[in-house]
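Chemist: Structure in structure tokens, see below.
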Amino acid sequence: MGFLCTLRLRQVYRALRETGWGILLVLLLVTAGLWVPALTRLADLSPVLAGAVGLVFADWLHLGRRDGTFLQQTALPAWKVCLLDTGLLLLPGVVFFLLSKNYGAAAAWGCGIAAVLLPNGALANMRYLAPKFTLPGVPLNLFEWQTSFRGFPAGWLLAVFLQFGAWYHIAFLLAAIILGMLLWSMAFQYVEPIALLPRSTRALFAKWRQYALWTLVFFLPGVLLAAAWQTDYTWLILYAVVALEIYLMLVFFYKYAVWRPGLQGVSGNSHAMIGLLLVLMPGGLLIALPMAARAAFRARKKVANWSS
Amino acid sequence: MLTIQKLSYSYGKNQVLNDLSLKVAEGELHGILGPNGAGKTTLFRLIANWLPAPAGAIAWQGEPVHKRQTAYLETAPYFYPYLKGMEYLRLIQDEPNQIETWNKLFDLPLDDLIDGYSTGMQKKLAFIGVLLQNRPILILDEPFNGVDLAGNEMMMAVIRRRRNNNGITLISSHILHTLTHVCDRISLLDNGQIAQTFELKDFATLEKLVREETRTLLDKTLENWP
């Protein structure tokens with residue numbers, strides 16, 4: 001287990017190194033205005049809330065594991081691997097609450113480790129592999145949406161319901177759009193079978209336009225409600241829609257930019273998470289937009305190569 | 001001996017395996033041949049105990065097969081991100097000397113990150129992984145896909161050496177001659193059942209049968225082609 005623990009730390013180090021120490025440092029400094037007050041408030045979180053958030057966080061990580069088939073083969077028992085991984089991921093939170101002297105929250109957050117009592121990644125993997133049905137009304141080439149609807153139906157339903165709260169408060173629309181971004185980042189982790197890959201740059205951009213349009217259609221009820229009832233926030237509504245579309249562009253093209261034969265999923269979600277942070281923070285769109293454009297350029301080049 | 005009796009499996013209403021029975025003796029290299037979607041991978045997953053068998057029995061030397069008795073090379077093996085080849089293999093079996101020995105055959109850059117490996121290199125790495133497990137039932141699902149010529153020859157040679165072993169090896173491939181070069185018997189999977197099993201002496205007949213079927217289909221389809 002000591003070896004596995006060292007490996008996990010090495011993986012984190014390599015992922016951070018690949019993202020770039022420079023960009024991480026800049027992000028840390030630029031976003032200090034966001035995370036310093038957030039951490040100060042988080043330090044006083046009630047144990048009940050800390051426990052709930054810890055459990056949801058650990059569940060999300062645990063059920064999202066895709067190493068089910070590999071775990072069947074290791075000499076180590078699968079439950080020990082899951083226990084160690086979940087423990088390591090929860091540890092920074094525990095240490096943070098301990099340093100904040102919020103011992104109740106530290107204990108409650110640590111209880112998230114109970115998530116390993118749920119079926120491990122093997123089931124999540126099988127669920128992804130087994131069903132062969134397509135969802136009525138969703139075009140087959142929108143593979144990511146098909147898998148996302150199947151994998152996280154509750155998330156999409158919640159995004160629909162949240163939109164209808166927009167007549168009451170603008171926060172509901174913003175929450176729905178942020179949830180939509182999170183769902184997109186998860187959906188674009190999946191790599192479609194080769195037969196479904198866009199075979200030309202024209203097909204690639206057509207697929208992106210389809211997604212851009214579907215995204216607008218999906219959030220249209222919320223946007224219309226907010227436009228009608230929250231007239232003080234017209235610019236904010238517009239900004240949120242633009243941010244959503246730029247984020248979609250970023251995760252969409254990034255997948256094809258890093259595509260290679262045999263790739264099962266876009267691993268290491270640091271790109272998607274940094275992108276999310278950028279589109280959410282004031283002025284961040286100015287960085288996210290060139291990032292998305294660069295991903296589009298790389299994807300276009302890659303598709304042009306494999307179609308020639 | 002591996003004994004499979006009246007095995008059935010379905011995904012919803014789609015019946016993939018239907019009362020399938022098969023026997024494989026110790027030391028045997030057994031090929032499974034079948035069209036896409038015939039149920040080869042499902043059969044392998046059931047033997048490896050990765051899927052629960054709702055109907056039928058799978059036994060190794062008279063006892064139900066345990067997960068720890070099987071080593072399964074998937075068509076597309078899973079690799080953790082940001083891991084080096086050596087680290088991956090040590091996770092499977094922490095025996096650096098054995099790893100080095102096996103790697104002398106395939107010459108993989110084990111100190112490099114797996115993310116940078118080609119498809120063939122990843123396949124070879126996963127192949128070493130299943131060999132390291134040293135289990136009696138070795139299941140190889142499309143092991144030769146994406147592997148270069150030298151790698152393919154080496155893999156075939158390693159598989160052939162397993163005849164001296166007390167275990168069994170099950171191999172699937174879409175390339176018939178890789179199976180006829182390696183296997184002792186080949187079973188044809190069709191409509192969820194073993195349609196026919198060919199002995200070593202019948203492999204020429206099998207190859208002829210496949211060639212003739214292809215030619216018939218080609219002639220029929222392109223009958224009116226200018």
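Following the order of the structure tokens, first chain is A, next is B, and so on, with residues numbered from 1 inside each chain and ligands from 1 in the order they appear.
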What are the residues of chain A lining chain B at 6 Å or less? Count only C-alpha atoms, and put the answer as JSON, numbers by chain.

Modeler: {"A": [11, 74, 75]}

Chemist: Show which residues sit within 12 Å of Ala38 in chain B, as a list of chain:residue names. Count only C-alpha atoms, and ignore same-chain residues fewer than 2 positions away.

Modeler: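 The neighbour list is B:Tyr9, B:Ser10, B:Asn14, B:Gln15, B:Val16, B:Leu17, B:Asn18, B:Ile32, B:Leu33, B:Gly34, B:Pro35, B:Asn36, B:Lys40, B:Thr41, B:Thr42, B:Leu43, B:Phe44, B:Ser172, B:His174, B:Leu188, B:Leu189, B:Asp190, B:Asn191, B:Gly192, B:Gln193, B:Ile194, B:Ala195.
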
Chemist: Keeping only C-alpha atoms, take the residues you just selected and write them out as a compact mmCIF listing (two decimals), in the first residue's frame.

Modeler:
```txt
# COMPACT_ATOMS: atom_id res chain seq x y z
CA TYR B 9 -26.29 -14.20 -21.13
CA SER B 10 -28.30 -11.27 -22.42
CA ASN B 14 -30.50 -8.89 -26.69
CA GLN B 15 -29.57 -12.55 -26.13
CA VAL B 16 -25.80 -12.72 -26.61
CA LEU B 17 -24.99 -16.25 -25.42
CA ASN B 18 -27.51 -19.04 -25.63
CA ILE B 32 -12.49 -18.36 -30.38
CA LEU B 33 -13.58 -17.07 -33.74
CA GLY B 34 -16.72 -15.14 -34.54
CA PRO B 35 -18.08 -12.06 -36.23
CA ASN B 36 -18.30 -8.68 -34.46
CA LYS B 40 -16.66 -13.35 -27.62
CA THR B 41 -15.90 -10.57 -25.13
CA THR B 42 -19.03 -11.36 -23.11
CA LEU B 43 -17.97 -15.01 -22.97
CA PHE B 44 -14.50 -14.00 -21.77
CA SER B 172 -9.87 -14.39 -29.84
CA HIS B 174 -10.34 -11.51 -36.25
CA LEU B 188 -16.62 -20.89 -34.11
CA LEU B 189 -19.05 -18.74 -32.13
CA ASP B 190 -22.31 -18.01 -33.90
CA ASN B 191 -25.80 -17.10 -32.68
CA GLY B 192 -24.64 -17.30 -29.07
CA GLN B 193 -23.46 -20.90 -29.37
CA ILE B 194 -20.36 -22.84 -30.40
CA ALA B 195 -21.37 -23.66 -33.97
```

Chemist: Got a sec: who's within 10 Å of Ala43 in chain A, counting only C-alpha atoms, leaving out chain neighbours fewer than 6 positions off, as a list in words?

Modeler: Pro37, Ala50, Phe96, Phe97, Leu98, Leu99, Ser100, Lys101, Asn102, Ala105 and Ala106 of chain A

Chemist: Only C-alpha atoms, please: the residues just picked out, written as a JSON list (two decimals), in the first residue's frame.

Modeler:
```
[["chain", "number", "residue", "atom", "x", "y", "z"],
["A", 37, "PRO", "CA", -12.62, 34.79, 1.36],
["A", 50, "ALA", "CA", -19.21, 19.54, 5.83],
["A", 96, "PHE", "CA", -7.79, 22.21, 6.36],
["A", 97, "PHE", "CA", -10.58, 21.83, 8.93],
["A", 98, "LEU", "CA", -8.10, 20.63, 11.58],
["A", 99, "LEU", "CA", -5.89, 23.68, 10.98],
["A", 100, "SER", "CA", -9.02, 25.85, 11.22],
["A", 101, "LYS", "CA", -9.72, 24.15, 14.58],
["A", 102, "ASN", "CA", -13.14, 23.10, 13.24],
["A", 105, "ALA", "CA", -16.29, 19.53, 10.39],
["A", 106, "ALA", "CA", -12.97, 17.64, 9.99]]
```

Chemist: Taking only C-alpha atoms into account, name the residue in A:Phe152, A:Phe143, A:Tyr239, A:Trp35 that is nearest to Met186 in chain A.

Modeler: A:Phe152

Chemist: Using backbone DSSP assignments, extract all helix (DSSP H, G or I) residues from range 39-171 of chain B; output them as JSON, numbers by chain.

Modeler: {"B": [40, 41, 42, 43, 44, 45, 46, 47, 67, 68, 69, 85, 86, 87, 88, 89, 90, 91, 92, 96, 97, 98, 99, 100, 101, 102, 103, 104, 105, 106, 114, 115, 116, 119, 120, 121, 122, 123, 124, 125, 126, 127, 128, 129, 130, 131, 132, 149, 150, 151, 152, 153, 154, 155, 156, 157, 158, 159, 160, 161, 162, 163, 164]}

Chemist: Grab the residues selected above and save them as a PDB file, in the first residue's frame with C-alpha atoms.

Modeler:
```
ATOM      1  CA  LYS B  40     -16.664 -13.347 -27.620  1.00  0.00           C
ATOM      2  CA  THR B  41     -15.905 -10.570 -25.131  1.00  0.00           C
ATOM      3  CA  THR B  42     -19.033 -11.358 -23.112  1.00  0.00           C
ATOM      4  CA  LEU B  43     -17.966 -15.014 -22.972  1.00  0.00           C
ATOM      5  CA  PHE B  44     -14.502 -13.995 -21.768  1.00  0.00           C
ATOM      6  CA  ARG B  45     -15.891 -11.620 -19.157  1.00  0.00           C
ATOM      7  CA  LEU B  46     -18.119 -14.392 -17.837  1.00  0.00           C
ATOM      8  CA  ILE B  47     -15.225 -16.863 -17.647  1.00  0.00           C
ATOM      9  CA  LYS B  67     -11.438 -14.370 -10.268  1.00  0.00           C
ATOM     10  CA  ARG B  68      -7.923 -15.019  -8.985  1.00  0.00           C
ATOM     11  CA  GLN B  69      -7.561 -18.026 -11.312  1.00  0.00           C
ATOM     12  CA  GLY B  85       5.285   1.392 -17.535  1.00  0.00           C
ATOM     13  CA  MET B  86       7.283  -0.057 -14.649  1.00  0.00           C
ATOM     14  CA  GLU B  87       4.920   1.453 -12.070  1.00  0.00           C
ATOM     15  CA  TYR B  88       1.907  -0.059 -13.865  1.00  0.00           C
ATOM     16  CA  LEU B  89       3.473  -3.523 -13.873  1.00  0.00           C
ATOM     17  CA  ARG B  90       4.555  -3.243 -10.245  1.00  0.00           C
ATOM     18  CA  LEU B  91       0.955  -2.489  -9.330  1.00  0.00           C
ATOM     19  CA  ILE B  92      -0.046  -5.801 -10.888  1.00  0.00           C
ATOM     20  CA  PRO B  96      10.954  -6.141 -10.592  1.00  0.00           C
ATOM     21  CA  ASN B  97      13.196  -9.064 -11.641  1.00  0.00           C
ATOM     22  CA  GLN B  98      10.349 -10.884 -13.378  1.00  0.00           C
ATOM     23  CA  ILE B  99       9.274  -7.640 -15.020  1.00  0.00           C
ATOM     24  CA  GLU B 100      12.773  -7.054 -16.380  1.00  0.00           C
ATOM     25  CA  THR B 101      12.933 -10.631 -17.663  1.00  0.00           C
ATOM     26  CA  TRP B 102       9.650 -10.360 -19.569  1.00  0.00           C
ATOM     27  CA  ASN B 103      10.535  -6.942 -20.865  1.00  0.00           C
ATOM     28  CA  LYS B 104      13.727  -8.293 -22.443  1.00  0.00           C
ATOM     29  CA  LEU B 105      11.374  -9.915 -24.959  1.00  0.00           C
ATOM     30  CA  PHE B 106       9.437  -6.748 -25.801  1.00  0.00           C
ATOM     31  CA  ILE B 114       2.343   5.169 -20.533  1.00  0.00           C
ATOM     32  CA  ASP B 115       0.397   8.155 -21.942  1.00  0.00           C
ATOM     33  CA  GLY B 116       3.198   8.500 -24.500  1.00  0.00           C
ATOM     34  CA  THR B 119      -1.378   1.462 -29.122  1.00  0.00           C
ATOM     35  CA  GLY B 120       0.900  -1.504 -29.820  1.00  0.00           C
ATOM     36  CA  MET B 121       3.261  -0.653 -26.954  1.00  0.00           C
ATOM     37  CA  GLN B 122       0.314  -0.361 -24.582  1.00  0.00           C
ATOM     38  CA  LYS B 123      -0.904  -3.776 -25.747  1.00  0.00           C
ATOM     39  CA  LYS B 124       2.511  -5.313 -25.113  1.00  0.00           C
ATOM     40  CA  LEU B 125       2.657  -3.715 -21.670  1.00  0.00           C
ATOM     41  CA  ALA B 126      -0.761  -5.123 -20.765  1.00  0.00           C
ATOM     42  CA  PHE B 127       0.349  -8.511 -22.165  1.00  0.00           C
ATOM     43  CA  ILE B 128       3.354  -8.531 -19.826  1.00  0.00           C
ATOM     44  CA  GLY B 129       0.901  -7.585 -17.066  1.00  0.00           C
ATOM     45  CA  VAL B 130      -1.275 -10.657 -17.609  1.00  0.00           C
ATOM     46  CA  LEU B 131       1.765 -12.941 -17.888  1.00  0.00           C
ATOM     47  CA  LEU B 132       3.087 -11.616 -14.577  1.00  0.00           C
ATOM     48  CA  LEU B 149       5.329  -7.693 -36.696  1.00  0.00           C
ATOM     49  CA  ALA B 150       8.186  -8.517 -34.315  1.00  0.00           C
ATOM     50  CA  GLY B 151       5.896  -8.015 -31.320  1.00  0.00           C
ATOM     51  CA  ASN B 152       3.262 -10.281 -32.860  1.00  0.00           C
ATOM     52  CA  GLU B 153       5.785 -13.059 -33.494  1.00  0.00           C
ATOM     53  CA  MET B 154       7.098 -12.772 -29.944  1.00  0.00           C
ATOM     54  CA  MET B 155       3.596 -12.842 -28.477  1.00  0.00           C
ATOM     55  CA  MET B 156       2.753 -15.938 -30.513  1.00  0.00           C
ATOM     56  CA  ALA B 157       5.963 -17.644 -29.376  1.00  0.00           C
ATOM     57  CA  VAL B 158       5.218 -16.837 -25.727  1.00  0.00           C
ATOM     58  CA  ILE B 159       1.658 -18.143 -26.081  1.00  0.00           C
ATOM     59  CA  ARG B 160       2.886 -21.365 -27.736  1.00  0.00           C
ATOM     60  CA  ARG B 161       5.206 -22.001 -24.763  1.00  0.00           C
ATOM     61  CA  ARG B 162       2.141 -22.174 -22.540  1.00  0.00           C
ATOM     62  CA  ARG B 163       1.473 -25.663 -23.953  1.00  0.00           C
ATOM     63  CA  ASN B 164       4.028 -26.903 -21.399  1.00  0.00           C
TER      64      ASN B 164
END
```

Chemist: For Pro77 in chain A, please output as a PyMOL selection string all residues within 12 Å (counting only C-alpha atoms; exclusion window: fewer than 4 positions along the same chain).

Modeler: (chain A and resi 1+4+68+70-73+81-84+120) or (chain B and resi 67-68+91-92)

Chemist: Write the residues you've just listed into a file as a PDB file, in the first residue's frame, and include C-alpha atoms for each of them.

Modeler:
```pdb
ATOM      1  CA  MET A   1       0.000   0.000   0.000  1.00  0.00           C
ATOM      2  CA  LEU A   4       0.473   2.743  -4.201  1.00  0.00           C
ATOM      3  CA  GLY A  68     -12.917  -1.369 -12.519  1.00  0.00           C
ATOM      4  CA  PHE A  70      -7.894  -3.078 -13.962  1.00  0.00           C
ATOM      5  CA  LEU A  71      -8.673  -3.466 -10.265  1.00  0.00           C
ATOM      6  CA  GLN A  72      -9.732  -7.053 -10.957  1.00  0.00           C
ATOM      7  CA  GLN A  73      -6.168  -7.806 -11.976  1.00  0.00           C
ATOM      8  CA  VAL A  81      -7.103   0.668  -3.488  1.00  0.00           C
ATOM      9  CA  CYS A  82     -10.459   2.492  -3.363  1.00  0.00           C
ATOM     10  CA  LEU A  83     -10.062   3.175   0.356  1.00  0.00           C
ATOM     11  CA  LEU A  84      -6.600   4.633  -0.112  1.00  0.00           C
ATOM     12  CA  ASN A 120     -16.613   0.549  -6.887  1.00  0.00           C
TER      13      ASN A 120
ATOM     14  CA  LYS B  67     -11.438 -14.370 -10.268  1.00  0.00           C
ATOM     15  CA  ARG B  68      -7.923 -15.019  -8.985  1.00  0.00           C
ATOM     16  CA  LEU B  91       0.955  -2.489  -9.330  1.00  0.00           C
ATOM     17  CA  ILE B  92      -0.046  -5.801 -10.888  1.00  0.00           C
TER      18      ILE B  92
END
```

Chemist: Quick one, how far is CA of Asn166 in chain B from CA of Gly27 in chain B?

Modeler: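 It comes out at 5.1 Å.
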
Chemist: Name the residues in contact with range 172-182 of chain A at a cut-off of 10 Å, using only C-alpha atoms, excluding same-chain residues fewer than 5 positions from it; report them as a ChimeraX atom specification.

Modeler: /A:155-156,158-167,187,215,218-219,221-223,225-226,236-237,240-241,243-245,247-248,251,272-273,275-276,279-280

Chemist: Determine which residues of range 4-221 of chain B DSSP labels as strand (DSSP E) from the backbone of this structure, then write them out as an MDAnalysis selection string.

Modeler: chainID B and resid 4:11 14:24 29:33 55:60 63:64 70:73 137:141 168:172 185:190 193:199

Chemist: Store the residues picked out above, limited to C-alpha atoms, as a short mmCIF file (atom, residue, chain, number, x, y, z; two decimals), in the first residue's frame.

Modeler:
```
data_model
loop_
_atom_site.label_atom_id
_atom_site.label_comp_id
_atom_site.auth_asym_id
_atom_site.auth_seq_id
_atom_site.Cartn_x
_atom_site.Cartn_y
_atom_site.Cartn_z
CA ILE B 4 -18.57 -24.44 -19.62
CA GLN B 5 -22.10 -25.81 -19.52
CA LYS B 6 -25.29 -24.29 -20.90
CA LEU B 7 -24.08 -20.72 -20.46
CA SER B 8 -26.56 -17.97 -21.34
CA TYR B 9 -26.29 -14.20 -21.13
CA SER B 10 -28.30 -11.27 -22.42
CA TYR B 11 -28.10 -7.48 -22.40
CA ASN B 14 -30.50 -8.89 -26.69
CA GLN B 15 -29.57 -12.55 -26.13
CA VAL B 16 -25.80 -12.72 -26.61
CA LEU B 17 -24.99 -16.25 -25.42
CA ASN B 18 -27.51 -19.04 -25.63
CA ASP B 19 -26.90 -22.43 -23.94
CA LEU B 20 -23.21 -22.34 -24.84
CA SER B 21 -21.10 -25.36 -23.86
CA LEU B 22 -17.36 -25.85 -24.26
CA LYS B 23 -14.53 -27.95 -22.80
CA VAL B 24 -10.86 -26.95 -22.84
CA LEU B 29 -4.43 -23.14 -26.66
CA HIS B 30 -8.01 -22.58 -27.73
CA GLY B 31 -9.08 -20.00 -30.30
CA ILE B 32 -12.49 -18.36 -30.38
CA LEU B 33 -13.58 -17.07 -33.74
CA ALA B 55 -27.58 -19.23 -16.26
CA GLY B 56 -25.15 -22.07 -16.74
CA ALA B 57 -21.90 -23.12 -15.07
CA ILE B 58 -18.21 -22.39 -15.59
CA ALA B 59 -15.82 -24.70 -13.75
CA TRP B 60 -12.05 -25.11 -13.55
CA GLU B 63 -14.80 -26.15 -9.05
CA PRO B 64 -16.45 -22.82 -9.97
CA THR B 70 -7.92 -15.92 -14.45
CA ALA B 71 -5.77 -13.29 -16.15
CA TYR B 72 -7.59 -11.30 -18.78
CA LEU B 73 -6.03 -9.14 -21.49
CA ILE B 137 -6.62 -19.45 -17.14
CA LEU B 138 -5.17 -16.89 -19.54
CA ILE B 139 -7.72 -15.01 -21.64
CA LEU B 140 -6.48 -12.92 -24.55
CA ASP B 141 -9.08 -10.77 -26.29
CA ILE B 168 -5.22 -23.06 -20.56
CA THR B 169 -5.17 -20.14 -22.97
CA LEU B 170 -8.23 -18.72 -24.70
CA ILE B 171 -7.57 -16.38 -27.60
CA SER B 172 -9.87 -14.39 -29.84
CA ARG B 185 -8.36 -26.05 -31.51
CA ILE B 186 -10.58 -23.24 -32.78
CA SER B 187 -14.26 -22.83 -31.93
CA LEU B 188 -16.62 -20.89 -34.11
CA LEU B 189 -19.05 -18.74 -32.13
CA ASP B 190 -22.31 -18.01 -33.90
CA GLN B 193 -23.46 -20.90 -29.37
CA ILE B 194 -20.36 -22.84 -30.40
CA ALA B 195 -21.37 -23.66 -33.97
CA GLN B 196 -18.38 -25.90 -34.64
CA THR B 197 -14.97 -26.77 -33.18
CA PHE B 198 -12.05 -27.40 -35.52
CA GLU B 199 -9.12 -29.66 -34.58
#
```

Chemist: One decimal, Å: what's the distance from CA of Val303 in chain A over to CA of Thr201 in chain A, could you say?

Modeler: 5.9 Å

Chemist: Using Å and a single decimal, report how far CA of Pro193 in chain A sits from CA of Thr221 in chain B.

Modeler: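 According to the coordinates, CA of Thr221 in chain B and CA of Pro193 in chain A are separated by 27.5 Å.
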
Chemist: For His177 in chain B, find every residue with an atom within 10 Å (counting only C-alpha atoms), except residues of its own chain fewer than 4 positions away, and show them as number ranges by chain.

Modeler: B: 173, 181-183, 203, 207
